[in-house]
Amino acid sequence: MINVLVADDELPAVEELAFLLGRDDRIGAIHRASSGAEALRVLDAEAVDAVFLDIHMPALSGLDIARAISRSSNPPAVVFVTADEECALEAFELAAIDYLLKPVRAERLARSVGRISELMKDGAAPPEMITVDLGGTTRMIRRDDVTYVQAQGDYARLHTTDASYLIRVPLADLEQQWAEAGFLRTHRSYLIALNHVSHMKLAAARPTVTVAGAELPISRRHLPSVREKLETTRIRPQA
């Protein structure tokens with residue numbers, strides 16, 4: 001079970017997030033704080049695995065709390081919950097594992113809890129983060145949130161379940177850099193994340209792969225490598 005602390009200077013926001021967390025079977029004790037100072041007192045007194053911090057609290061902000069707990073020998077996982085996208089870069093520099101925008105959706109919160117659960121497993125590696133721009137705002141996203149990548153000239157568009165982001169990196173470069181992370185080229189215009197694939201149609205006249213609900217083409221040129229990759233991941237009975 002994951003014991004959490006919810007800190008926000010607005011009590012309705014605390015109660016709403018606590019309610020949503022309480023519906024998740026992975027969550028244990030839920031502690032509440034309505035100020036930064038109270039949050040630090042709770043962290044001193046209770047065993048907490050993760051903190052959900054509002055950024056803009058008076059006196060001690062969520063960023064101040066994250067800096068303070070980062071100096072401890074076994075800091076809890078940090079998730080920022082805010083209406084402000086402007087602090088995303090600083091948040092991830094403080095090793096936050098997620099950045100939730102208000103109002104928080106239940107399915108998005110569940111993904112954050114899943115990330116905390118992953119981190120709590122022995123030997124869990126920190127997620128690979130990518131810097132992207134969206135509407136003039138710099139954001140950090142996790143590479144394992146990228147479902148597929150689409151070529152757009154000298155640029156590439158990263159697709160996630162929530163949005164898409166244009167980066168100035170050719171698809172061929174990402175193909176080489178992300179191969180070991182489970183990304184596979186299926187077409188001159190597409191690079192897919194295998195862990196987001198729901199099904200493939202390889203024997204059809206026009207082979208396709210479905211990734212996070214999007215049906216994408218598989219070219220004749222790339223079909224043999226796709227088949228080969230599937231063979232290496234196929235489960236076989238023991239001799």
# chains A, B, ... in the order shown; residues from 1 in each chain; ligands from 1
$ select_by_dssp --residues "stretch 173-228 of chain A" --states "strand (DSSP E or B)" --output "JSON, numbers by chain"
{"A": [183, 184, 185, 186, 187, 190, 191, 192, 193, 197, 198, 199, 200, 201, 208, 209, 210, 211, 214, 215, 216, 217]}
$ write_last_selection --atoms "N, CA and C atoms" --output "CSV table (one decimal), in the first residue's frame"
chain,number,residue,atom,x,y,z
A,183,PHE,N,11.1,1.0,-29.1
A,183,PHE,CA,10.5,1.7,-30.2
A,183,PHE,C,10.9,1.0,-31.5
A,184,LEU,N,10.0,0.8,-32.4
A,184,LEU,CA,10.2,0.0,-33.6
A,184,LEU,C,9.7,0.8,-34.8
A,185,ARG,N,10.5,0.9,-35.9
A,185,ARG,CA,10.1,1.6,-37.1
A,185,ARG,C,9.2,0.6,-37.9
A,186,THR,N,8.0,1.1,-38.3
A,186,THR,CA,7.1,0.3,-39.0
A,186,THR,C,6.8,0.9,-40.4
A,187,HIS,N,7.2,2.1,-40.6
A,187,HIS,CA,6.9,2.8,-41.9
A,187,HIS,C,7.8,4.0,-42.0
A,190,TYR,N,6.5,6.4,-39.5
A,190,TYR,CA,6.1,6.1,-38.1
A,190,TYR,C,7.1,5.3,-37.3
A,191,LEU,N,7.2,5.6,-36.1
A,191,LEU,CA,8.0,4.8,-35.1
A,191,LEU,C,7.1,4.6,-33.9
A,192,ILE,N,6.9,3.3,-33.6
A,192,ILE,CA,5.9,3.0,-32.6
A,192,ILE,C,6.5,2.4,-31.3
A,193,ALA,N,5.8,2.6,-30.2
A,193,ALA,CA,6.2,2.1,-28.9
A,193,ALA,C,5.6,0.7,-28.7
A,197,VAL,N,1.2,-1.1,-28.1
A,197,VAL,CA,0.5,-1.8,-29.2
A,197,VAL,C,-0.6,-2.6,-28.7
A,198,SER,N,-1.8,-2.5,-29.3
A,198,SER,CA,-2.9,-3.4,-28.9
A,198,SER,C,-3.1,-4.6,-29.8
A,199,HIS,N,-2.9,-4.4,-31.1
A,199,HIS,CA,-2.9,-5.5,-32.0
A,199,HIS,C,-2.3,-5.1,-33.4
A,200,MET,N,-2.0,-6.2,-34.2
A,200,MET,CA,-1.4,-6.0,-35.5
A,200,MET,C,-2.2,-6.8,-36.5
A,201,LYS,N,-2.2,-6.4,-37.7
A,201,LYS,CA,-2.8,-7.1,-38.9
A,201,LYS,C,-1.6,-7.3,-39.9
A,208,THR,N,-1.4,-3.3,-40.8
A,208,THR,CA,-1.5,-2.2,-40.0
A,208,THR,C,-1.2,-2.6,-38.5
A,209,VAL,N,-0.9,-1.6,-37.7
A,209,VAL,CA,-0.7,-1.8,-36.3
A,209,VAL,C,-1.5,-0.8,-35.6
A,210,THR,N,-2.2,-1.2,-34.5
A,210,THR,CA,-3.0,-0.3,-33.7
A,210,THR,C,-2.2,0.1,-32.4
A,211,VAL,N,-2.0,1.4,-32.3
A,211,VAL,CA,-1.2,1.9,-31.1
A,211,VAL,C,-2.1,3.0,-30.4
A,214,ALA,N,-4.9,4.3,-32.4
A,214,ALA,CA,-4.6,4.8,-33.7
A,214,ALA,C,-4.2,3.7,-34.6
A,215,GLU,N,-4.8,3.5,-35.7
A,215,GLU,CA,-4.4,2.5,-36.7
A,215,GLU,C,-3.4,3.0,-37.7
A,216,LEU,N,-2.2,2.5,-37.7
A,216,LEU,CA,-1.1,3.0,-38.5
A,216,LEU,C,-0.6,2.0,-39.5
A,217,PRO,N,-0.2,2.4,-40.7
A,217,PRO,CA,0.3,1.5,-41.7
A,217,PRO,C,1.6,0.8,-41.4
$ residues_around --residues "A:Ile65" --least-positions-apart "2" --cutoff "9 Å" --atoms "only C-alpha atoms" --output "PyMOL selection string"
chain A and resi 36-37+39-40+53+60-63+67-70
$ closest_residue --among "A:Thr131, A:Ala66, A:Val14, A:Thr233" --to "A:Val104" --atoms "only C-alpha atoms"
A:Val14
$ select_by_dssp --residues "stretch 7-182 of chain A" --states "alpha helix (DSSP H)" --output "JSON, numbers by chain"
{"A": [11, 12, 13, 14, 15, 16, 17, 18, 19, 20, 21, 22, 36, 37, 38, 39, 40, 41, 42, 43, 44, 45, 62, 63, 64, 65, 66, 67, 68, 69, 70, 88, 89, 90, 91, 92, 93, 106, 107, 108, 109, 110, 111, 112, 113, 114, 115, 116, 117, 118, 119, 120, 171, 172, 173, 174, 175, 176, 177]}
$ residues_around --residues "A:Val78" --least-positions-apart "2" --cutoff "8 Å" --atoms "only C-alpha atoms" --output "list in words"
Ala50, Val51, Phe52, Leu53, Ala66, Pro76, Phe80, Ala95, Ala96, Ile97 and Asp98 of chain A
$ atom_distance --atom1 "atom CA of A:Tyr99" --atom2 "atom CA of A:Pro12"
19.5 Å
$ atom_distance --atom1 "atom CA of A:Arg157" --atom2 "atom CA of A:Leu109"
24.8 Å
$ atom_distance --atom1 "atom CA of A:Glu231" --atom2 "atom CA of A:Glu128"
27.0 Å
$ closest_residue --among "A:Leu223, A:Leu194, A:Ala59, A:Leu119" --to "A:Pro207" --atoms "only C-alpha atoms"
A:Leu223
$ closest_residue --among "A:Ala33, A:Leu101, A:Val6, A:Val81" --to "A:Leu21" --atoms "only C-alpha atoms"
A:Val6
$ closest_residue --among "A:Gly213, A:Gly22, A:Gly114, A:Pro103" --to "A:Ala77" --atoms "only C-alpha atoms"
A:Gly114
$ closest_residue --among "A:Arg111, A:His222, A:Arg32, A:Arg26" --to "A:Asp9" --atoms "only C-alpha atoms"
A:Arg32
$ residues_around --residues "A:Val4" --least-positions-apart "4" --cutoff "7 Å" --atoms "only C-alpha atoms" --output "list in words"
Ala29, Ile30, His31, Val48, Asp49, Ala50 and Val51 of chain A
$ write_last_selection --atoms "N, CA, C and O atoms" --output "mmCIF file, in the first residue's frame"
data_model
loop_
_atom_site.group_PDB
_atom_site.id
_atom_site.type_symbol
_atom_site.label_atom_id
_atom_site.label_comp_id
_atom_site.auth_asym_id
_atom_site.auth_seq_id
_atom_site.Cartn_x
_atom_site.Cartn_y
_atom_site.Cartn_z
ATOM 1 N N ALA A 29 -2.789 4.927 3.718
ATOM 2 C CA ALA A 29 -3.138 6.106 4.514
ATOM 3 C C ALA A 29 -3.034 7.370 3.665
ATOM 4 O O ALA A 29 -2.120 7.516 2.853
ATOM 5 N N ILE A 30 -3.992 8.290 3.866
ATOM 6 C CA ILE A 30 -3.998 9.572 3.165
ATOM 7 C C ILE A 30 -3.920 10.684 4.214
ATOM 8 O O ILE A 30 -4.862 10.893 4.981
ATOM 9 N N HIS A 31 -2.780 11.363 4.268
ATOM 10 C CA HIS A 31 -2.596 12.480 5.189
ATOM 11 C C HIS A 31 -2.887 13.781 4.452
ATOM 12 O O HIS A 31 -2.696 13.877 3.241
ATOM 13 N N VAL A 48 5.551 8.402 4.914
ATOM 14 C CA VAL A 48 4.857 8.779 3.687
ATOM 15 C C VAL A 48 5.680 8.326 2.484
ATOM 16 O O VAL A 48 6.873 8.585 2.402
ATOM 17 N N ASP A 49 5.026 7.651 1.556
ATOM 18 C CA ASP A 49 5.704 7.171 0.349
ATOM 19 C C ASP A 49 5.673 8.177 -0.790
ATOM 20 O O ASP A 49 6.560 8.170 -1.651
ATOM 21 N N ALA A 50 4.649 9.040 -0.818
ATOM 22 C CA ALA A 50 4.519 9.997 -1.913
ATOM 23 C C ALA A 50 3.766 11.233 -1.433
ATOM 24 O O ALA A 50 2.887 11.147 -0.569
ATOM 25 N N VAL A 51 4.133 12.370 -1.997
ATOM 26 C CA VAL A 51 3.456 13.621 -1.665
ATOM 27 C C VAL A 51 2.873 14.226 -2.935
ATOM 28 O O VAL A 51 3.519 14.254 -3.985
#
$ closest_residue --among "A:Val146, A:Val42, A:Leu20, A:Ile55" --to "A:Asp8" --atoms "only C-alpha atoms"
A:Ile55
